[in-house]
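Structure below is protein_7.txt: compact mmCIF, C-alpha atoms and all ligand atoms.
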# COMPACT_ATOMS: atom_id res chain seq x y z
CA MET A 1 0.00 0.00 0.00
CA ARG A 2 0.94 3.67 -0.08
CA THR A 3 0.92 5.93 2.96
CA LYS A 4 1.70 9.55 3.78
CA ALA A 5 4.77 10.05 5.96
CA ALA A 6 7.24 12.66 7.18
CA VAL A 7 10.63 11.33 6.13
CA ALA A 8 14.01 12.28 7.64
CA LEU A 9 16.13 12.10 4.51
CA GLU A 10 19.35 13.40 6.06
CA ALA A 11 20.58 14.43 9.51
CA GLY A 12 19.89 18.07 10.32
CA LYS A 13 17.35 18.62 7.53
CA PRO A 14 13.61 19.35 8.00
CA LEU A 15 11.36 16.31 7.55
CA GLU A 16 9.83 15.90 4.09
CA ILE A 17 6.18 14.97 3.66
CA MET A 18 5.77 12.35 0.94
CA GLU A 19 3.89 9.28 -0.19
CA VAL A 20 5.87 6.11 0.57
CA ASN A 21 5.35 2.39 -0.06
CA LEU A 22 4.48 0.21 2.92
CA GLU A 23 4.54 -3.60 2.67
CA GLY A 24 1.97 -5.56 4.65
CA PRO A 25 2.73 -7.31 7.96
CA LYS A 26 4.89 -10.45 7.93
CA GLU A 27 5.08 -13.23 10.57
CA GLY A 28 4.34 -11.81 14.03
CA GLU A 29 3.77 -8.29 12.68
CA VAL A 30 0.83 -5.89 12.70
CA LEU A 31 -0.26 -3.08 10.36
CA VAL A 32 -1.47 -0.06 12.37
CA GLU A 33 -3.21 3.12 11.27
CA ILE A 34 -1.63 5.85 13.41
CA LYS A 35 -4.29 8.37 14.47
CA ALA A 36 -2.05 10.75 16.44
CA THR A 37 1.60 11.13 17.46
CA GLY A 38 3.48 13.37 19.84
CA ILE A 39 6.84 14.94 18.99
CA CYS A 40 9.39 14.05 21.69
CA HIS A 41 12.79 15.67 22.14
CA THR A 42 14.33 12.29 21.26
CA ASP A 43 12.91 12.62 17.73
CA GLU A 44 14.74 15.95 17.50
CA PHE A 45 17.90 14.37 18.97
CA THR A 46 17.93 11.83 16.14
CA ARG A 47 16.79 14.25 13.41
CA SER A 48 19.61 16.64 14.36
CA GLY A 49 22.31 14.00 13.89
CA ALA A 50 23.28 13.83 17.60
CA ASP A 51 22.14 10.20 17.98
CA PRO A 52 24.99 7.71 17.54
CA GLU A 53 22.37 5.17 16.50
CA GLY A 54 20.68 7.55 14.02
CA LEU A 55 20.21 6.19 10.49
CA PHE A 56 18.82 7.87 7.38
CA PRO A 57 16.56 7.95 5.45
CA ALA A 58 14.14 7.00 8.20
CA ILE A 59 10.61 7.65 9.40
CA LEU A 60 10.94 9.00 12.94
CA GLY A 61 8.25 9.23 15.65
CA HIS A 62 7.71 6.94 18.64
CA GLU A 63 4.85 8.50 20.65
CA GLY A 64 1.72 7.34 18.84
CA ALA A 65 -1.71 5.78 19.16
CA GLY A 66 -3.83 4.08 16.52
CA VAL A 67 -5.92 1.18 15.31
CA VAL A 68 -4.93 -2.30 14.12
CA VAL A 69 -5.77 -2.70 10.42
CA GLU A 70 -4.32 -6.13 9.61
CA VAL A 71 -2.35 -8.83 11.40
CA GLY A 72 0.34 -11.08 9.94
CA PRO A 73 0.60 -14.86 10.39
CA GLY A 74 1.17 -16.04 13.95
CA VAL A 75 -0.15 -12.89 15.65
CA LYS A 76 -1.93 -14.14 18.78
CA ASP A 77 -3.21 -11.29 20.92
CA LEU A 78 -4.30 -8.56 18.47
CA LYS A 79 -7.01 -8.30 15.81
CA PRO A 80 -8.22 -5.64 13.35
CA GLY A 81 -10.07 -2.86 15.16
CA ASP A 82 -8.04 -3.08 18.38
CA HIS A 83 -6.76 0.25 19.70
CA VAL A 84 -3.03 0.25 20.40
CA ILE A 85 -0.05 2.30 21.53
CA PRO A 86 3.30 1.49 19.83
CA LEU A 87 6.13 0.55 22.20
CA TYR A 88 9.75 1.44 21.57
CA THR A 89 10.52 -0.86 24.48
CA ALA A 90 8.88 -4.15 23.49
CA GLU A 91 7.62 -6.69 26.01
CA CYS A 92 7.92 -10.28 24.74
CA ARG A 93 7.39 -11.81 28.22
CA GLU A 94 9.86 -14.62 27.51
CA CYS A 95 13.39 -13.22 27.02
CA GLU A 96 15.98 -13.17 29.81
CA TYR A 97 15.25 -9.48 30.40
CA CYS A 98 11.46 -9.80 30.51
CA LEU A 99 11.86 -12.65 33.01
CA HIS A 100 14.17 -10.59 35.25
CA PRO A 101 12.31 -8.54 37.86
CA LYS A 102 14.78 -5.64 37.78
CA THR A 103 14.44 -4.43 34.18
CA ASN A 104 11.92 -3.48 31.50
CA LEU A 105 14.51 -3.62 28.70
CA CYS A 106 13.13 -6.51 26.61
CA GLN A 107 15.85 -7.44 24.11
CA LYS A 108 13.80 -9.65 21.77
CA VAL A 109 13.75 -7.13 18.90
CA ARG A 110 16.23 -4.49 20.20
CA ALA A 111 19.13 -5.37 17.87
CA THR A 112 17.11 -5.18 14.63
CA GLN A 113 15.15 -2.17 15.96
CA GLY A 114 18.45 -0.30 16.40
CA LYS A 115 19.31 -1.01 12.76
CA GLY A 116 15.99 0.40 11.57
CA VAL A 117 14.55 -2.90 10.37
CA MET A 118 11.91 -5.45 11.38
CA PRO A 119 13.00 -8.68 13.15
CA ASP A 120 13.57 -10.46 9.80
CA GLY A 121 16.21 -7.85 8.93
CA THR A 122 14.21 -5.96 6.27
CA SER A 123 12.27 -2.69 6.18
CA ARG A 124 8.58 -2.47 5.24
CA PHE A 125 8.99 1.15 4.05
CA SER A 126 10.43 2.32 0.73
CA MET A 127 10.43 5.39 -1.51
CA LEU A 128 8.24 5.28 -4.58
CA ASP A 129 11.42 4.55 -6.60
CA GLY A 130 12.06 1.50 -4.41
CA THR A 131 14.85 2.92 -2.20
CA PRO A 132 14.41 1.45 1.31
CA ILE A 133 13.44 3.79 4.16
CA LEU A 134 14.33 2.69 7.69
CA HIS A 135 12.03 2.27 10.68
CA TYR A 136 12.80 4.23 13.88
CA MET A 137 12.73 2.89 17.45
CA GLY A 138 10.55 0.11 16.06
CA CYS A 139 7.63 2.57 15.77
CA SER A 140 7.84 5.17 12.93
CA THR A 141 4.72 7.00 14.07
CA PHE A 142 5.39 9.92 11.68
CA SER A 143 3.72 7.73 9.07
CA ASN A 144 -0.06 7.46 8.80
CA TYR A 145 0.30 3.67 8.53
CA THR A 146 3.14 1.63 10.01
CA VAL A 147 4.12 -1.97 10.70
CA LEU A 148 5.37 -3.21 14.08
CA PRO A 149 6.06 -6.53 15.79
CA GLU A 150 3.07 -7.66 17.89
CA ILE A 151 5.24 -7.52 21.03
CA SER A 152 5.79 -3.80 20.37
CA LEU A 153 2.11 -2.90 20.78
CA ALA A 154 0.08 -2.31 23.93
CA LYS A 155 -3.65 -2.94 23.53
CA ILE A 156 -5.66 -0.14 25.14
CA ARG A 157 -9.33 0.57 25.81
CA GLN A 158 -11.49 1.78 22.90
CA ASP A 159 -12.83 4.96 24.50
CA ALA A 160 -9.46 6.66 25.10
CA PRO A 161 -8.84 9.69 22.83
CA PHE A 162 -5.94 9.05 20.44
CA ASP A 163 -4.84 12.69 20.39
CA LYS A 164 -4.20 12.60 24.16
CA VAL A 165 -3.14 9.03 24.99
CA CYS A 166 -0.50 9.00 22.23
CA TYR A 167 1.60 10.93 24.79
CA ILE A 168 1.52 7.82 27.02
CA GLY A 169 3.62 6.18 24.28
CA CYS A 170 6.64 8.05 25.65
CA GLY A 171 6.51 11.27 27.71
CA VAL A 172 3.80 10.46 30.25
CA THR A 173 5.02 6.93 30.96
CA THR A 174 8.69 7.94 31.03
CA GLY A 175 8.14 10.76 33.52
CA ILE A 176 5.64 9.08 35.83
CA GLY A 177 7.42 5.72 35.50
CA ALA A 178 10.79 7.23 36.47
CA VAL A 179 9.22 8.10 39.83
CA ILE A 180 7.09 5.04 40.54
CA TYR A 181 8.88 2.16 38.75
CA THR A 182 12.53 3.30 38.76
CA ALA A 183 12.99 5.51 41.85
CA LYS A 184 10.03 3.98 43.74
CA ALA A 185 9.81 7.31 45.59
CA GLU A 186 8.18 7.15 49.02
CA ILE A 187 5.46 9.39 50.47
CA GLY A 188 7.08 12.49 51.98
CA SER A 189 10.11 12.51 49.64
CA ARG A 190 11.92 15.67 48.65
CA ALA A 191 12.82 15.80 44.97
CA ILE A 192 14.43 18.00 42.34
CA VAL A 193 13.47 17.81 38.65
CA PHE A 194 15.87 19.34 36.10
CA GLY A 195 14.14 20.31 32.84
CA LEU A 196 10.43 21.15 32.89
CA GLY A 197 9.56 20.00 29.37
CA GLY A 198 7.38 17.16 28.16
CA ILE A 199 9.20 14.63 30.35
CA GLY A 200 10.04 16.73 33.42
CA LEU A 201 6.41 17.81 33.91
CA ASN A 202 5.40 14.17 34.02
CA VAL A 203 8.11 13.47 36.60
CA ILE A 204 6.49 16.24 38.64
CA GLN A 205 3.04 14.73 38.19
CA GLY A 206 4.49 11.32 39.19
CA LEU A 207 6.02 12.82 42.33
CA ARG A 208 2.69 14.36 43.28
CA LEU A 209 1.02 10.98 42.73
CA ALA A 210 3.67 9.36 44.97
CA GLY A 211 3.00 11.90 47.74
CA ALA A 212 6.27 13.86 47.65
CA ASP A 213 6.49 16.72 50.18
CA GLN A 214 8.82 18.97 48.18
CA ILE A 215 9.14 19.10 44.39
CA VAL A 216 11.75 21.57 43.18
CA GLY A 217 11.69 22.33 39.44
CA VAL A 218 14.81 23.67 37.69
CA ASP A 219 14.69 25.22 34.23
CA LEU A 220 16.45 28.02 32.35
CA ASN A 221 13.12 29.09 30.88
CA ASP A 222 10.90 31.02 33.34
CA ASP A 223 7.89 30.36 31.09
CA LYS A 224 7.89 26.71 32.26
CA LYS A 225 7.09 27.73 35.84
CA ALA A 226 3.32 28.14 35.52
CA MET A 227 2.63 24.71 34.02
CA ALA A 228 5.01 22.98 36.45
CA THR A 229 3.25 24.63 39.40
CA LYS A 230 -0.09 23.38 38.06
CA PHE A 231 1.29 19.82 38.07
CA GLY A 232 2.65 19.98 41.63
CA MET A 233 5.99 21.84 41.67
CA THR A 234 6.50 23.50 45.06
CA ASP A 235 9.67 25.56 44.34
CA PHE A 236 11.14 26.91 41.08
CA VAL A 237 14.82 27.62 40.42
CA ASN A 238 16.20 29.28 37.30
CA PRO A 239 19.95 28.46 37.38
CA SER A 240 20.79 31.62 35.42
CA LYS A 241 19.41 33.67 38.32
CA VAL A 242 21.21 31.83 41.11
CA GLU A 243 24.23 33.71 42.41
CA GLY A 244 27.09 31.40 43.32
CA ASP A 245 27.01 27.63 43.49
CA LEU A 246 23.83 25.97 42.12
CA VAL A 247 24.44 22.69 43.98
CA GLY A 248 24.87 24.58 47.28
CA HIS A 249 21.66 26.50 46.63
CA LEU A 250 19.66 23.33 45.89
CA VAL A 251 21.11 21.45 48.87
CA GLU A 252 20.10 24.31 51.15
CA LEU A 253 16.63 24.58 49.59
CA THR A 254 15.99 20.85 50.19
CA GLY A 255 17.34 20.79 53.74
CA GLY A 256 20.54 18.87 52.99
CA GLY A 257 19.90 17.52 49.50
CA ALA A 258 17.01 15.74 47.80
CA ASP A 259 15.98 12.13 48.30
CA TYR A 260 15.53 11.89 44.53
CA THR A 261 16.74 14.03 41.66
CA PHE A 262 15.86 13.57 37.98
CA ASP A 263 17.63 14.84 34.87
CA ALA A 264 15.16 15.52 32.07
CA THR A 265 17.45 17.78 30.01
CA GLY A 266 20.00 15.46 28.36
CA ASN A 267 22.78 17.90 29.37
CA VAL A 268 25.71 16.12 31.06
CA GLN A 269 26.63 19.16 33.20
CA VAL A 270 23.06 19.18 34.51
CA MET A 271 23.35 15.43 35.21
CA ARG A 272 26.36 16.18 37.44
CA THR A 273 24.47 18.92 39.27
CA ALA A 274 21.56 16.51 39.73
CA LEU A 275 23.80 13.83 41.25
CA GLU A 276 25.55 16.27 43.55
CA SER A 277 22.33 17.84 44.82
CA ALA A 278 21.07 14.42 45.96
CA HIS A 279 21.27 13.87 49.73
CA LYS A 280 24.51 12.49 51.19
CA GLY A 281 24.08 8.93 52.40
CA TRP A 282 20.94 7.99 50.45
CA GLY A 283 20.02 10.41 47.64
CA GLU A 284 19.36 8.82 44.25
CA SER A 285 19.75 10.63 40.94
CA ILE A 286 17.91 9.26 37.95
CA ILE A 287 19.12 10.07 34.44
CA ILE A 288 16.27 10.31 31.92
CA GLY A 289 17.79 12.74 29.42
CA VAL A 290 19.49 11.39 26.31
CA ALA A 291 22.93 12.93 25.64
CA PRO A 292 24.59 13.50 22.25
CA ALA A 293 27.22 11.17 20.75
CA GLY A 294 30.52 11.58 22.57
CA ALA A 295 29.09 13.25 25.70
CA GLU A 296 30.13 11.69 29.01
CA ILE A 297 29.14 12.16 32.65
CA SER A 298 31.62 12.80 35.44
CA THR A 299 31.74 13.55 39.13
CA ARG A 300 34.13 12.96 42.01
CA PRO A 301 33.88 9.28 42.99
CA PHE A 302 33.61 10.61 46.57
CA GLN A 303 30.04 11.66 45.68
CA LEU A 304 29.16 7.97 45.29
CA VAL A 305 31.42 6.78 48.11
CA THR A 306 29.37 8.98 50.39
CA GLY A 307 26.14 7.26 49.48
CA ARG A 308 24.66 9.03 46.48
CA VAL A 309 23.41 6.69 43.75
CA TRP A 310 23.43 7.33 40.01
CA ARG A 311 20.78 5.44 38.02
CA GLY A 312 19.11 5.68 34.64
CA THR A 313 15.73 4.82 33.21
CA ALA A 314 14.33 4.00 29.78
CA PHE A 315 10.58 4.37 29.20
CA GLY A 316 10.31 5.02 32.95
CA GLY A 317 11.02 1.38 33.74
CA ALA A 318 7.55 0.50 32.42
CA ARG A 319 6.77 -2.89 30.89
CA GLY A 320 4.76 -1.62 27.98
CA ARG A 321 2.12 -4.25 27.27
CA THR A 322 1.44 -4.63 30.99
CA ASP A 323 1.75 -1.06 32.28
CA VAL A 324 0.64 1.18 29.38
CA PRO A 325 -3.02 0.02 29.43
CA LYS A 326 -3.08 0.77 33.19
CA ILE A 327 -1.68 4.27 32.64
CA VAL A 328 -4.38 4.86 30.02
CA ASP A 329 -6.93 3.87 32.71
CA TRP A 330 -5.35 6.33 35.18
CA TYR A 331 -5.86 9.08 32.60
CA MET A 332 -9.45 8.05 31.83
CA ASP A 333 -10.21 7.84 35.59
CA GLY A 334 -8.78 11.33 36.21
CA LYS A 335 -5.87 10.12 38.35
CA ILE A 336 -3.37 11.80 36.02
CA ASP A 337 -3.75 14.74 33.67
CA ILE A 338 -2.47 15.06 30.13
CA ASP A 339 -4.56 17.63 28.27
CA PRO A 340 -2.88 20.89 29.46
CA MET A 341 0.56 19.59 28.44
CA ILE A 342 -0.57 19.16 24.83
CA THR A 343 -0.08 22.79 23.93
CA HIS A 344 -0.23 22.43 20.13
CA THR A 345 -1.86 20.11 17.59
CA MET A 346 -1.19 20.13 13.86
CA PRO A 347 -1.61 18.09 10.69
CA LEU A 348 1.37 16.04 9.43
CA GLU A 349 2.06 18.70 6.78
CA ASP A 350 3.02 21.11 9.62
CA ILE A 351 5.21 18.70 11.60
CA ASN A 352 8.33 20.85 11.15
CA LYS A 353 6.47 23.67 12.95
CA GLY A 354 6.25 21.30 15.94
CA PHE A 355 10.05 20.99 15.95
CA ASP A 356 10.38 24.79 15.68
CA LEU A 357 8.07 25.30 18.68
CA MET A 358 10.20 22.84 20.70
CA HIS A 359 13.36 24.76 19.77
CA LYS A 360 11.84 28.08 20.76
CA GLY A 361 10.69 26.64 24.11
CA GLU A 362 7.10 27.63 23.26
CA SER A 363 5.47 24.19 23.40
CA ILE A 364 5.33 21.39 25.95
CA ARG A 365 4.01 18.74 23.58
CA SER A 366 3.00 19.16 19.97
CA VAL A 367 0.75 16.40 18.68
CA VAL A 368 0.27 15.56 15.02
CA VAL A 369 -3.28 14.43 14.27
CA TYR A 370 -3.73 12.44 11.04
P1 LIG B 401 11.82 19.26 26.12
O1 LIG B 401 12.57 19.98 25.08
O2 LIG B 401 10.34 19.30 26.11
O3 LIG B 401 12.28 19.77 27.57
C1 LIG B 401 13.61 20.01 27.97
C2 LIG B 401 13.57 21.08 29.03
O4 LIG B 401 14.88 21.21 29.59
C3 LIG B 401 13.17 22.47 28.51
O5 LIG B 401 12.15 23.02 29.31
C4 LIG B 401 14.46 23.27 28.61
O6 LIG B 401 14.23 24.66 28.85
C5 LIG B 401 15.14 22.59 29.79
N1 LIG B 401 16.59 22.77 29.82
C6 LIG B 401 17.47 22.67 28.80
N2 LIG B 401 18.73 22.89 29.24
C7 LIG B 401 18.64 23.11 30.57
C8 LIG B 401 19.59 23.39 31.58
N3 LIG B 401 20.90 23.49 31.31
N4 LIG B 401 19.15 23.55 32.85
C9 LIG B 401 17.83 23.47 33.13
N5 LIG B 401 16.88 23.21 32.21
C10 LIG B 401 17.29 23.03 30.94
O7 LIG B 401 12.33 17.75 26.06
P2 LIG B 401 11.56 16.44 26.58
O8 LIG B 401 10.73 15.87 25.49
O9 LIG B 401 10.99 16.74 27.92
O10 LIG B 401 12.83 15.45 26.75
C11 LIG B 401 13.78 15.69 27.79
C12 LIG B 401 14.94 14.72 27.66
O11 LIG B 401 14.51 13.40 27.97
C13 LIG B 401 15.53 14.64 26.25
O12 LIG B 401 16.94 14.46 26.39
C14 LIG B 401 14.89 13.38 25.69
O13 LIG B 401 15.66 12.85 24.64
C15 LIG B 401 14.89 12.52 26.92
N6 LIG B 401 13.95 11.37 26.95
C16 LIG B 401 14.39 10.22 27.52
C17 LIG B 401 13.53 9.14 27.66
C18 LIG B 401 13.99 7.87 28.31
O14 LIG B 401 13.29 6.85 28.17
N7 LIG B 401 15.09 7.86 29.01
C19 LIG B 401 12.21 9.24 27.20
C20 LIG B 401 11.80 10.46 26.63
C21 LIG B 401 12.67 11.52 26.51
N1 LIG B 402 20.19 5.85 20.54
C1 LIG B 402 20.72 6.64 21.62
C2 LIG B 402 20.03 6.41 22.93
C3 LIG B 402 18.58 6.79 22.87
C4 LIG B 402 17.91 6.37 24.15
O1 LIG B 402 18.53 6.29 25.23
N2 LIG B 402 16.63 6.10 24.05
C5 LIG B 402 15.82 5.77 25.21
C6 LIG B 402 14.43 6.15 24.91
S1 LIG B 402 14.27 7.88 24.60
C7 LIG B 402 12.63 8.04 24.27
O2 LIG B 402 12.32 9.31 24.03
C8 LIG B 402 15.82 4.26 25.45
O3 LIG B 402 14.80 3.60 25.54
N3 LIG B 402 16.97 3.70 25.62
C9 LIG B 402 17.14 2.29 25.80
C10 LIG B 402 17.36 1.61 24.48
O4 LIG B 402 17.46 0.39 24.47
O5 LIG B 402 17.45 2.32 23.46
C11 LIG B 402 22.22 6.40 21.79
O6 LIG B 402 22.83 7.16 22.56
O7 LIG B 402 22.74 5.48 21.12
ZN ZN B 403 10.36 9.96 23.61
ZN ZN B 404 11.45 -9.74 26.26
So, in terms of structure tokens, how does the structure I just supplied come out?
Amino acid sequence: MRTKAAVALEAGKPLEIMEVNLEGPKEGEVLVEIKATGICHTDEFTRSGADPEGLFPAILGHEGAGVVVEVGPGVKDLKPGDHVIPLYTAECRECEYCLHPKTNLCQKVRATQGKGVMPDGTSRFSMLDGTPILHYMGCSTFSNYTVLPEISLAKIRQDAPFDKVCYIGCGVTTGIGAVIYTAKAEIGSRAIVFGLGGIGLNVIQGLRLAGADQIVGVDLNDDKKAMATKFGMTDFVNPSKVEGDLVGHLVELTGGGADYTFDATGNVQVMRTALESAHKGWGESIIIGVAPAGAEISTRPFQLVTGRVWRGTAFGGARGRTDVPKIVDWYMDGKIDIDPMITHTMPLEDINKGFDLMHKGESIRSVVVY
């Protein structure tokens, strides 16, 4: 079939809207009509050329929601008409990782996913002249129709609005999950969140859900303060307005350092500040942000010797097929909020405007509606 897609032809170039060929689903695969997709900073990270795993030409996008159109041979748990959220972290429920209680990083399709192909080593997408186009993070939600392995799809309830729950495909789950699945923050915790964008705001909402006493938000952009306050931030710090040492300021503000700190910027200097503003003896710092090729983190080992812990999280530690449908329920039951964070919606033709808004710091989440 043919489908409309936004194609990343080369690193650093705007996406190009075009008709592309899409082959039907093979063994264990599913054809999905994407109804809506968010634009995450990780899409920009790869588009820009900063991603060491970035390959071109590719169809980016990994924060979608849609409807199953057709299933390939051997697909067991999905049928046409089912509503689904694509998962860049699959859940096969049988690999060594899925069977280990301490990780959500299913490896069943990770190697081929990283090469931009389906598990059989080939792409379903091509240009109209036959040139192959690669998949991205196993999802490629910047295409109106896409093919994914069955284990990379979470089945969700039918009454959830696509243009809102697509955000659960990355930002909402990553932010809330970092708090509840990775940090397992306790009631009464003090926390600091660096970066109040599409991920950081969901960390804040997760901390409120977990019953944190103090939630400090840190961002260079003062315009992020109002939305973060709405989601539960108790104190705001703009590092450019702090005189002297930022770590010292944050340690004082949290009465000795935070129980949990979260980096949602992708900046390795910020990651160091986040680690060092965690409480001596027990503070944990969770890295969510994705850093460019070649960037490395550093600190004095003494920071860890004296009890601070550095950890990281992918997709908030969530097991997608199990946890995503529950998070959709939380949204539908009013336990979590999503709508105010979706500041812009647009048709696929305007997707590059979504990237511009992100760059200008004017959006939280832009959502493309097909
Ligand atoms: P975003 O652009 O919406 O938000 C980033 C925020 O960080 C902005 O508000 C910006 O003003 C702020 N910021 C930038 N530099 C800063 C600094 N030096 N100090 C303080 N604040 C600063 O991006 P997003 O979609 O929220 O994504 C955030 C990061 O999380 C990105 O690196 C993204 O790639 C990553 N991410 C990781 C996962 C994961 O599974 N680990 C999932 C989603 C996104
Ligand atoms: N390809 C990059 C790393 C990108 C990365 O860390 N991705 C996160 C999800 S970001 C979603 O917005 C992730 O899930 N990582 C675990 C994994 O297996 O990719 C690089 O640096 O090579
Ligand atoms: Zn993302
Ligand atoms: Zn697995």
- Message: Taking all atoms listed in the file into account, name the residue in A:Met127, A:Val30, A:Val68, A:Val290 that is nearest to Leu9 of chain A.
- Response: A:Met127
- Message: Residues near Val179 of chain A, anyone? I mean within 10 Å using all atoms listed in the file, not counting same-chain ones fewer than 6 positions away, as a PyMOL selection string.
- Response: chain A and resi 173+185-186+191+202-210+260-262+286+313+316-317
- Item | Between atom CA of Gly138 of chain A and atom CA of Ala293 of chain A - distance in Å to one decimal |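 Separation between atom CA of Ala293 of chain A and atom CA of Gly138 of chain A: 20.5 Å.
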- Item | Using all atoms listed in the file: which of A:Cys170, A:Cys92, A:Ile287, A:Val20 has the shortest distance to Gly312 of chain A | A:Ile287
- Task: Taking only C-alpha atoms and all ligand atoms into account, report as a list in words which residues have an atom no farther than 12 Å from an atom of ligand ZN 404 (chain B).
- Result: Thr89, Ala90, Glu91, Cys92, Arg93, Glu94, Cys95, Glu96, Tyr97, Cys98, Leu99, His100, Pro101, Thr103, Asn104, Leu105, Cys106, Gln107, Lys108, Val109, Arg110, Ile151, Ser152, Arg319, Gly320 and Arg321 of chain A
- Task: Kindly compile the residues surrounding ligand LIG 401 (chain B) within 8 Å, counting only C-alpha atoms and all ligand atoms, and format them as number ranges by chain.
- Result: A: 39-45, 170-171, 174-175, 194-201, 218-221, 224, 238-239, 263-267, 269-270, 287-291, 312-316, 358-359, 361, 363-365
- Nearest to ligand ZN 403 (chain B), chosen from A:Tyr167, A:Phe56, A:Val67, A:Asp77, with all atoms listed in the file counted in the distances: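 For ligand ZN 403 (chain B), the nearest of the given residues is A:Tyr167.
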- Which residue out of A:Pro52, A:Gly232, A:Pro25, A:Gly61 has the minimum interatomic distance to ligand LIG 402 (chain B) when all atoms listed in the file are used?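 Between A:Pro52, A:Gly232, A:Pro25, A:Gly61, the residue approaching ligand LIG 402 (chain B) most closely is A:Pro52.
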- Task: Might you pull out every residue within 6 Å of Asp51 of chain A, with only C-alpha atoms counted and same-chain residues fewer than 2 positions away left off, and present them as a PyMOL selection string?
- Result: chain A and resi 46+49+53-54+292-293
- Query: Contacts of Gly257 of chain A at 9 Å or less, counting all atoms listed in the file, minus same-chain residues fewer than 6 places along, as an MDAnalysis selection string?
  - Reply: chainID A and resid 190:191 247:248 250:251 276:280 283
- Task: Please identify all polymer residues lying at most 12 Å from the point (-10.3, -4.3, 28.4) (file coordinates), using all atoms listed in the file, and present the result as number ranges by chain.
- Result: A: 82-84, 154-160, 325-326, 328-329
- Contacts of segment 144-146 of chain A at 7 Å or less, counting only C-alpha atoms, minus same-chain residues fewer than 2 places along, as a list in words?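 In the requested form, the answer reads Thr3, Lys4, Ala5, Leu31, Val32, Glu33, Ile34, Ser140, Thr141, Phe142, Leu148 and Tyr370 of chain A.
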